[in-house]
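**Q** The structure file model-v3.cif (mmCIF, N, CA and C atoms) is provided below.
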```
data_data
loop_
_atom_site.label_atom_id
_atom_site.label_comp_id
_atom_site.auth_asym_id
_atom_site.auth_seq_id
_atom_site.Cartn_x
_atom_site.Cartn_y
_atom_site.Cartn_z
N GLY A 1 0.80 -1.21 0.00
CA GLY A 1 0.00 0.00 0.00
C GLY A 1 0.83 1.26 0.00
N GLN A 2 2.16 1.17 -0.12
CA GLN A 2 2.99 2.37 -0.13
C GLN A 2 3.35 2.75 -1.56
N PRO A 3 3.50 4.06 -1.83
CA PRO A 3 3.84 4.48 -3.19
C PRO A 3 5.24 4.01 -3.58
N LEU A 4 5.40 3.76 -4.87
CA LEU A 4 6.66 3.31 -5.43
C LEU A 4 6.82 3.96 -6.79
N ARG A 5 8.00 4.51 -7.04
CA ARG A 5 8.28 5.09 -8.35
C ARG A 5 9.40 4.27 -9.00
N ILE A 6 9.17 3.84 -10.24
CA ILE A 6 10.19 3.15 -11.01
C ILE A 6 10.53 4.04 -12.19
N ALA A 7 11.80 4.41 -12.30
CA ALA A 7 12.26 5.31 -13.35
C ALA A 7 13.41 4.64 -14.09
N GLY A 8 13.68 5.11 -15.28
CA GLY A 8 14.79 4.56 -16.05
C GLY A 8 15.45 5.63 -16.88
N ILE A 9 16.74 5.43 -17.14
CA ILE A 9 17.46 6.33 -18.04
C ILE A 9 17.96 5.51 -19.22
N ASP A 10 18.14 6.18 -20.34
CA ASP A 10 18.61 5.55 -21.56
C ASP A 10 20.05 5.08 -21.37
N ASP A 11 20.47 4.15 -22.18
CA ASP A 11 21.85 3.68 -22.21
C ASP A 11 22.77 4.90 -22.37
N VAL A 12 23.69 5.07 -21.46
CA VAL A 12 24.53 6.27 -21.46
C VAL A 12 25.52 6.26 -22.61
N LEU A 13 26.08 5.11 -22.93
CA LEU A 13 27.11 5.03 -23.96
C LEU A 13 26.54 5.07 -25.38
N ARG A 14 25.30 4.65 -25.55
CA ARG A 14 24.72 4.59 -26.90
C ARG A 14 23.48 5.44 -27.08
N GLY A 15 22.97 6.00 -26.01
CA GLY A 15 21.75 6.78 -26.10
C GLY A 15 21.95 8.17 -25.56
N SER A 16 20.88 8.73 -25.03
CA SER A 16 20.97 10.06 -24.43
C SER A 16 20.19 10.02 -23.11
N HIS A 17 20.91 9.82 -22.02
CA HIS A 17 20.28 9.72 -20.71
C HIS A 17 19.91 11.12 -20.22
N ASP A 18 18.84 11.18 -19.43
CA ASP A 18 18.38 12.45 -18.89
C ASP A 18 17.80 12.22 -17.50
N PHE A 19 18.63 12.41 -16.49
CA PHE A 19 18.19 12.21 -15.11
C PHE A 19 17.04 13.14 -14.75
N ASP A 20 17.11 14.40 -15.20
CA ASP A 20 16.07 15.37 -14.85
C ASP A 20 14.70 14.95 -15.40
N ALA A 21 14.66 14.40 -16.60
CA ALA A 21 13.39 13.95 -17.17
C ALA A 21 12.89 12.68 -16.49
N ALA A 22 13.81 11.80 -16.13
CA ALA A 22 13.42 10.53 -15.52
C ALA A 22 13.00 10.69 -14.06
N LEU A 23 13.58 11.67 -13.37
CA LEU A 23 13.37 11.82 -11.93
C LEU A 23 12.94 13.23 -11.55
N PRO A 24 11.83 13.72 -12.11
CA PRO A 24 11.41 15.08 -11.74
C PRO A 24 10.95 15.11 -10.29
N PRO A 25 11.37 16.13 -9.53
CA PRO A 25 10.91 16.22 -8.14
C PRO A 25 9.42 16.54 -8.10
N ASN A 26 8.73 15.96 -7.13
CA ASN A 26 7.31 16.26 -6.99
C ASN A 26 6.93 16.58 -5.54
N GLY A 27 7.89 16.99 -4.74
CA GLY A 27 7.59 17.33 -3.35
C GLY A 27 7.83 16.16 -2.43
N LYS A 28 6.81 15.36 -2.21
CA LYS A 28 6.93 14.19 -1.34
C LYS A 28 7.30 12.99 -2.20
N GLU A 29 8.57 12.64 -2.21
CA GLU A 29 9.07 11.61 -3.09
C GLU A 29 8.78 10.21 -2.54
N PRO A 30 8.24 9.32 -3.37
CA PRO A 30 8.06 7.94 -2.94
C PRO A 30 9.39 7.20 -3.01
N PHE A 31 9.40 5.98 -2.52
CA PHE A 31 10.57 5.12 -2.69
C PHE A 31 10.81 5.00 -4.19
N THR A 32 12.04 5.24 -4.62
CA THR A 32 12.34 5.32 -6.05
C THR A 32 13.38 4.28 -6.45
N ILE A 33 13.04 3.51 -7.48
CA ILE A 33 13.96 2.55 -8.08
C ILE A 33 14.37 3.11 -9.44
N LEU A 34 15.67 3.18 -9.67
CA LEU A 34 16.19 3.64 -10.95
C LEU A 34 16.78 2.45 -11.71
N LEU A 35 16.34 2.28 -12.95
CA LEU A 35 16.91 1.27 -13.84
C LEU A 35 17.93 2.00 -14.71
N ALA A 36 19.19 1.68 -14.53
CA ALA A 36 20.26 2.31 -15.29
C ALA A 36 21.21 1.22 -15.75
N HIS A 37 21.35 1.05 -17.03
CA HIS A 37 22.16 -0.05 -17.56
C HIS A 37 23.58 -0.03 -17.00
N GLU A 38 24.22 1.13 -17.00
CA GLU A 38 25.60 1.25 -16.54
C GLU A 38 25.65 1.53 -15.04
N PRO A 39 26.26 0.64 -14.25
CA PRO A 39 26.25 0.80 -12.79
C PRO A 39 27.00 2.02 -12.28
N ASP A 40 28.05 2.45 -12.96
CA ASP A 40 28.82 3.59 -12.46
C ASP A 40 28.04 4.90 -12.51
N MET A 41 26.86 4.90 -13.13
CA MET A 41 25.99 6.08 -13.12
C MET A 41 25.40 6.32 -11.73
N ALA A 42 25.60 5.39 -10.81
CA ALA A 42 25.11 5.57 -9.44
C ALA A 42 25.73 6.81 -8.80
N ASP A 43 26.95 7.14 -9.18
CA ASP A 43 27.57 8.35 -8.62
C ASP A 43 26.78 9.59 -8.98
N GLU A 44 26.22 9.63 -10.19
CA GLU A 44 25.37 10.75 -10.59
C GLU A 44 23.98 10.63 -9.98
N ALA A 45 23.48 9.41 -9.84
CA ALA A 45 22.15 9.19 -9.25
C ALA A 45 22.10 9.65 -7.80
N LEU A 46 23.25 9.71 -7.13
CA LEU A 46 23.28 10.20 -5.75
C LEU A 46 22.77 11.63 -5.63
N ASN A 47 22.79 12.38 -6.73
CA ASN A 47 22.30 13.76 -6.73
C ASN A 47 20.78 13.84 -6.86
N TYR A 48 20.12 12.71 -6.97
CA TYR A 48 18.67 12.67 -7.16
C TYR A 48 18.04 11.82 -6.07
N ASN A 49 16.72 11.83 -6.02
CA ASN A 49 16.00 11.05 -5.02
C ASN A 49 15.87 9.61 -5.52
N VAL A 50 16.95 8.86 -5.39
CA VAL A 50 16.96 7.46 -5.79
C VAL A 50 17.32 6.63 -4.57
N ASP A 51 16.51 5.64 -4.28
CA ASP A 51 16.77 4.75 -3.15
C ASP A 51 17.49 3.48 -3.57
N LEU A 52 17.13 2.96 -4.75
CA LEU A 52 17.70 1.70 -5.24
C LEU A 52 17.96 1.83 -6.73
N GLN A 53 19.18 1.52 -7.14
CA GLN A 53 19.51 1.49 -8.56
C GLN A 53 19.81 0.06 -8.95
N LEU A 54 19.20 -0.39 -10.04
CA LEU A 54 19.44 -1.73 -10.56
C LEU A 54 20.16 -1.59 -11.90
N SER A 55 21.28 -2.28 -12.02
CA SER A 55 22.12 -2.16 -13.21
C SER A 55 22.64 -3.51 -13.66
N GLY A 56 23.25 -3.51 -14.84
CA GLY A 56 23.88 -4.69 -15.40
C GLY A 56 25.16 -4.27 -16.10
N HIS A 57 25.26 -4.47 -17.40
CA HIS A 57 26.31 -3.95 -18.27
C HIS A 57 27.65 -4.63 -18.12
N SER A 58 28.08 -4.96 -16.92
CA SER A 58 29.43 -5.46 -16.69
C SER A 58 29.60 -6.94 -17.00
N HIS A 59 28.52 -7.70 -16.92
CA HIS A 59 28.56 -9.16 -16.99
C HIS A 59 29.54 -9.71 -15.95
N GLY A 60 29.77 -8.93 -14.89
CA GLY A 60 30.67 -9.34 -13.82
C GLY A 60 32.12 -9.40 -14.24
N GLY A 61 32.41 -8.92 -15.45
CA GLY A 61 33.76 -9.00 -15.97
C GLY A 61 33.97 -10.19 -16.89
N GLN A 62 33.07 -11.15 -16.83
CA GLN A 62 33.08 -12.39 -17.62
C GLN A 62 34.27 -13.30 -17.33
N VAL A 63 35.46 -12.75 -17.24
CA VAL A 63 36.65 -13.56 -16.93
C VAL A 63 37.25 -13.01 -15.65
N ARG A 64 37.26 -13.84 -14.61
CA ARG A 64 37.77 -13.42 -13.31
C ARG A 64 38.90 -14.35 -12.89
N LEU A 65 39.85 -13.81 -12.19
CA LEU A 65 40.96 -14.60 -11.68
C LEU A 65 40.90 -14.64 -10.17
N PRO A 66 41.24 -15.77 -9.56
CA PRO A 66 41.23 -15.87 -8.10
C PRO A 66 42.13 -14.79 -7.48
N HIS A 67 41.66 -14.20 -6.41
CA HIS A 67 42.39 -13.18 -5.64
C HIS A 67 42.64 -11.89 -6.42
N PHE A 68 42.12 -11.78 -7.64
CA PHE A 68 42.31 -10.58 -8.44
C PHE A 68 40.98 -9.98 -8.86
N GLY A 69 40.06 -10.83 -9.25
CA GLY A 69 38.76 -10.37 -9.72
C GLY A 69 38.72 -10.28 -11.24
N ALA A 70 37.87 -9.39 -11.72
CA ALA A 70 37.68 -9.25 -13.17
C ALA A 70 38.92 -8.66 -13.81
N ILE A 71 39.31 -9.23 -14.95
CA ILE A 71 40.49 -8.69 -15.64
C ILE A 71 40.10 -7.58 -16.62
N PHE A 72 38.80 -7.52 -16.97
CA PHE A 72 38.31 -6.44 -17.83
C PHE A 72 36.85 -6.19 -17.53
N THR A 73 36.51 -4.93 -17.38
CA THR A 73 35.10 -4.53 -17.30
C THR A 73 34.90 -3.37 -18.27
N PRO A 74 33.72 -3.27 -18.85
CA PRO A 74 33.49 -2.20 -19.83
C PRO A 74 33.41 -0.83 -19.17
N GLU A 75 33.52 0.19 -19.99
CA GLU A 75 33.39 1.56 -19.53
C GLU A 75 32.08 1.73 -18.77
N LEU A 76 32.12 2.49 -17.70
CA LEU A 76 30.99 2.78 -16.80
C LEU A 76 30.51 1.55 -16.04
N ALA A 77 31.39 0.53 -15.92
CA ALA A 77 31.10 -0.63 -15.08
C ALA A 77 32.36 -1.06 -14.35
N ARG A 78 33.26 -0.13 -14.15
CA ARG A 78 34.55 -0.46 -13.52
C ARG A 78 34.53 -0.25 -12.01
N LYS A 79 33.77 0.71 -11.56
CA LYS A 79 33.73 1.03 -10.14
C LYS A 79 32.83 0.07 -9.36
N TYR A 80 31.73 -0.32 -9.96
CA TYR A 80 30.74 -1.19 -9.32
C TYR A 80 30.43 -2.37 -10.24
N PRO A 81 31.36 -3.32 -10.43
CA PRO A 81 31.20 -4.36 -11.45
C PRO A 81 30.18 -5.44 -11.16
N ASP A 82 29.96 -5.77 -9.88
CA ASP A 82 28.94 -6.77 -9.57
C ASP A 82 28.63 -6.75 -8.08
N GLY A 83 27.41 -7.12 -7.77
CA GLY A 83 27.03 -7.24 -6.37
C GLY A 83 26.32 -6.02 -5.80
N LEU A 84 26.30 -5.97 -4.48
CA LEU A 84 25.55 -4.97 -3.72
C LEU A 84 26.48 -3.91 -3.16
N TYR A 85 26.06 -2.65 -3.29
CA TYR A 85 26.81 -1.50 -2.79
C TYR A 85 25.85 -0.55 -2.10
N VAL A 86 26.28 0.07 -1.03
CA VAL A 86 25.52 1.16 -0.40
C VAL A 86 26.40 2.39 -0.51
N LEU A 87 25.89 3.41 -1.19
CA LEU A 87 26.66 4.60 -1.50
C LEU A 87 26.10 5.82 -0.77
N GLY A 88 26.94 6.81 -0.59
CA GLY A 88 26.50 8.07 -0.01
C GLY A 88 26.78 8.16 1.47
N ASP A 89 26.92 9.40 1.94
CA ASP A 89 27.17 9.64 3.35
C ASP A 89 25.87 9.91 4.10
N GLU A 90 25.19 10.99 3.73
CA GLU A 90 23.93 11.33 4.41
C GLU A 90 22.75 10.62 3.76
N LYS A 91 22.55 10.85 2.48
CA LYS A 91 21.48 10.17 1.76
C LYS A 91 22.07 8.90 1.17
N LYS A 92 21.48 7.78 1.44
CA LYS A 92 21.99 6.50 0.99
C LYS A 92 21.31 6.06 -0.30
N LEU A 93 22.08 5.45 -1.16
CA LEU A 93 21.58 4.84 -2.37
C LEU A 93 22.11 3.42 -2.39
N THR A 94 21.24 2.46 -2.57
CA THR A 94 21.65 1.07 -2.69
C THR A 94 21.71 0.74 -4.16
N LEU A 95 22.82 0.14 -4.57
CA LEU A 95 23.04 -0.24 -5.97
C LEU A 95 23.23 -1.74 -6.03
N TYR A 96 22.55 -2.37 -6.97
CA TYR A 96 22.81 -3.78 -7.23
C TYR A 96 23.17 -3.94 -8.70
N THR A 97 24.36 -4.48 -8.94
CA THR A 97 24.81 -4.76 -10.30
C THR A 97 24.74 -6.26 -10.54
N ASN A 98 23.91 -6.65 -11.47
CA ASN A 98 23.70 -8.06 -11.79
C ASN A 98 24.68 -8.48 -12.88
N ARG A 99 25.27 -9.68 -12.73
CA ARG A 99 26.21 -10.20 -13.73
C ARG A 99 25.53 -10.72 -14.99
N GLY A 100 24.22 -10.96 -14.90
CA GLY A 100 23.49 -11.45 -16.06
C GLY A 100 23.81 -12.89 -16.39
N ILE A 101 23.23 -13.35 -17.50
CA ILE A 101 23.41 -14.75 -17.88
C ILE A 101 24.15 -14.90 -19.20
N GLY A 102 24.39 -13.80 -19.89
CA GLY A 102 25.02 -13.89 -21.20
C GLY A 102 26.45 -13.39 -21.19
N VAL A 103 26.91 -13.05 -22.36
CA VAL A 103 28.25 -12.52 -22.55
C VAL A 103 28.16 -11.26 -23.41
N SER A 104 29.25 -10.55 -23.47
CA SER A 104 29.27 -9.32 -24.25
C SER A 104 30.29 -9.44 -25.37
N THR A 105 31.40 -8.77 -25.26
CA THR A 105 32.39 -8.72 -26.34
C THR A 105 32.98 -10.08 -26.66
N TYR A 106 33.34 -10.84 -25.64
CA TYR A 106 33.98 -12.14 -25.83
C TYR A 106 33.00 -13.25 -25.43
N PRO A 107 32.88 -14.31 -26.23
CA PRO A 107 31.90 -15.37 -25.94
C PRO A 107 32.42 -16.38 -24.91
N VAL A 108 32.84 -15.89 -23.74
CA VAL A 108 33.39 -16.78 -22.72
C VAL A 108 33.10 -16.21 -21.33
N ARG A 109 32.92 -17.11 -20.38
CA ARG A 109 32.84 -16.75 -18.96
C ARG A 109 33.79 -17.70 -18.23
N PHE A 110 34.59 -17.16 -17.30
CA PHE A 110 35.52 -17.97 -16.53
C PHE A 110 35.51 -17.46 -15.10
N TRP A 111 35.16 -18.33 -14.17
CA TRP A 111 35.02 -18.00 -12.75
C TRP A 111 34.11 -16.79 -12.53
N CYS A 112 33.10 -16.70 -13.34
CA CYS A 112 32.12 -15.62 -13.24
C CYS A 112 30.77 -16.24 -13.57
N ARG A 113 30.17 -16.84 -12.55
CA ARG A 113 28.92 -17.57 -12.76
C ARG A 113 27.81 -16.64 -13.24
N PRO A 114 26.99 -17.12 -14.18
CA PRO A 114 25.81 -16.36 -14.58
C PRO A 114 24.89 -16.14 -13.38
N GLU A 115 24.07 -15.12 -13.45
CA GLU A 115 23.26 -14.76 -12.29
C GLU A 115 21.88 -14.28 -12.70
N ILE A 116 20.89 -14.81 -12.03
CA ILE A 116 19.53 -14.27 -12.07
C ILE A 116 19.21 -13.88 -10.64
N THR A 117 18.82 -12.66 -10.43
CA THR A 117 18.60 -12.13 -9.09
C THR A 117 17.11 -11.95 -8.82
N VAL A 118 16.68 -12.35 -7.65
CA VAL A 118 15.31 -12.11 -7.21
C VAL A 118 15.39 -11.13 -6.04
N LEU A 119 14.74 -10.00 -6.19
CA LEU A 119 14.70 -8.99 -5.13
C LEU A 119 13.30 -8.96 -4.53
N THR A 120 13.23 -8.87 -3.23
CA THR A 120 11.95 -8.76 -2.54
C THR A 120 11.89 -7.40 -1.88
N LEU A 121 10.92 -6.60 -2.27
CA LEU A 121 10.73 -5.29 -1.67
C LEU A 121 9.68 -5.40 -0.58
N THR A 122 9.96 -4.81 0.55
CA THR A 122 8.99 -4.80 1.64
C THR A 122 8.60 -3.36 1.94
N GLY A 123 7.56 -3.19 2.69
CA GLY A 123 7.07 -1.85 3.01
C GLY A 123 7.78 -1.22 4.19
N ALA A 124 9.03 -1.59 4.45
CA ALA A 124 9.76 -1.04 5.58
C ALA A 124 10.05 0.45 5.35
N PRO A 125 10.12 1.22 6.42
CA PRO A 125 10.44 2.64 6.27
C PRO A 125 11.87 2.83 5.79
N ARG A 126 12.18 4.02 5.30
CA ARG A 126 13.52 4.33 4.79
C ARG A 126 14.48 4.56 5.95
N THR A 127 15.02 3.49 6.45
CA THR A 127 16.06 3.60 7.46
C THR A 127 17.25 2.80 7.01
N TRP A 128 18.42 3.28 7.26
CA TRP A 128 19.64 2.63 6.81
C TRP A 128 20.53 2.38 7.99
N SER A 129 21.19 1.23 7.97
CA SER A 129 22.15 0.95 9.03
C SER A 129 23.53 0.83 8.46
#
```
How would this structure read if it were set down as structure tokens?
**A**
Amino acid sequence: GQPLRIAGIDDVLRGSHDFDAALPPNGKEPFTILLAHEPDMADEALNYNVDLQLSGHSHGGQVRLPHFGAIFTPELARKYPDGLYVLGDEKKLTLYTNRGIGVSTYPVRFWCRPEITVLTLTGAPRTWS
């Protein structure tokens, strides 16, 4: 029974993203989920009323080495290549970067398991620990 806003921006590398058009302020902001293909855009999303950003793009690096991690990640997926991040000092933004199930430039995955993520949203108040 609580309001929820789902917004999205265009692919930054191939399109024309517009945070202002996607996230216009309306006074009392509901819980907001931003769909942004490139995870590193979370740094810009921190300037807007975004509670949760869902991203992909990195494929987790596709090829990972033990104790090193991904040997290559695409542009705008280098800072937050996979997994869960909580960003910001005062206003918090939670980012989840999914590794996906496919591949990108190279048709190989090594030590980078495909991923399908199930998220459960609850009506809990906006409190962060």
**Q** Between CA of Ile101 (chain A) and CA of Gly61 (chain A), measure the distance and give it in Å to one decimal.
**A**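 Between CA of Ile101 (chain A) and CA of Gly61 (chain A) the gap works out to 12.0 Å.
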**Q** Pull the helix (DSSP H, G or I) assignments for chain A out of DSSP run on the backbone, and list those residues as a PyMOL selection string.
**A** chain A and resi 19-22+39-45+59-61
**Q** Env of Val118 (chain A): 12 Å cut, atoms = only C-alpha atoms, seq-sep filter 4 positions within chain, self excluded. Answer as a ChimeraX atom specification.
**A** /A:54,96,98
**Q** State, in Å with one decimal place, the distance from CA of Gly56 (chain A) to CA of Gly88 (chain A).
**A**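 So the answer is 20.2 Å.
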**Q** Using all atoms listed in the file, find the one residue out of A:Ser16, A:Ser58, A:Thr117, A:Thr122 that sits nearest to His37 (chain A).
**A** A:Ser58
**Q** Skip His59 (chain A) itself and residues of its chain fewer than 2 positions away, then list as a ChimeraX atom specification all residues within 8 Å of it, counting all atoms listed in the file.
**A** /A:55-57,61-63,73-74,77,81-82,97-104,112-114
**Q** Within 6.5 Å of Asp51 (chain A), counting all atoms listed in the file, which residues show up once you throw out same-chain ones fewer than 2 positions away? Write them as an MDAnalysis selection string, please.
**A** chainID A and resid 31:34 49 53 92:95
**Q** The centre and edge lengths of an axis-aligned box containing all atoms of region 91-99 of chain A present in the file, extended by 3 Å on each side, are to be given in Å to one decimal, as AutoDock Vina command-line options.
**A**
```
--center_x 23.7 --center_y 0.1 --center_z -6.3 --size_x 11.0 --size_y 27.6 --size_z 23.5
```
**Q** Excluding Ala21 (chain A) and residues on its chain fewer than 4 positions from it, collect all residues at most 8 Å away from it, counting all atoms listed in the file, and give them as a list in words.
**A**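 Returned residues: Gly8, Ile9, His17 and Pro25 of chain A.
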**Q** For the residues selected in the previous step, produce a file with N, CA and C atoms as a short mmCIF file (atom, residue, chain, number, x, y, z; two decimals), in the frame of the given file.
**A**
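Result written to out_11.cif:
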```cif
data_model
loop_
_atom_site.label_atom_id
_atom_site.label_comp_id
_atom_site.auth_asym_id
_atom_site.auth_seq_id
_atom_site.Cartn_x
_atom_site.Cartn_y
_atom_site.Cartn_z
N GLY A 8 13.68 5.11 -15.28
CA GLY A 8 14.79 4.56 -16.05
C GLY A 8 15.45 5.63 -16.88
N ILE A 9 16.74 5.43 -17.14
CA ILE A 9 17.46 6.33 -18.04
C ILE A 9 17.96 5.51 -19.22
N HIS A 17 20.91 9.82 -22.02
CA HIS A 17 20.28 9.72 -20.71
C HIS A 17 19.91 11.12 -20.22
N PRO A 25 11.37 16.13 -9.53
CA PRO A 25 10.91 16.22 -8.14
C PRO A 25 9.42 16.54 -8.10
#
```
**Q** Report the distance between atom N of Lys91 (chain A) and atom N of Leu121 (chain A) in Å, rounded to one decimal place.
**A**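 Between atom N of Lys91 (chain A) and atom N of Leu121 (chain A) the gap is 21.5 Å.
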**Q** Between A:Ala7, A:Arg64, A:Asp18, A:Asp40, which has the minimum distance to Val108 (chain A) (counting only C-alpha atoms)?
**A** A:Arg64
**Q** Can you work out which one of A:His67, A:Thr105, A:Arg5, A:Asp43 has the shortest atom-to-atom distance to Glu29 (chain A), counting all atoms listed in the file?
**A**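 Looking only at the distances to Glu29 (chain A), the closest residue turns out to be A:Arg5.
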**Q** Nearest to Ala45 (chain A): which of A:Phe19, A:Thr120, A:Val86, A:Tyr80 is it, counting all atoms listed in the file?
**A**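 The closest residue to Ala45 (chain A) is A:Phe19.
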**Q** Please determine, counting only C-alpha atoms, which residue among A:Ile116, A:Pro3, A:Leu52, A:Gly15 has the shortest atom-to-atom distance to Leu84 (chain A).
**A**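 Ranked by minimum distance to Leu84 (chain A), first place goes to A:Leu52.
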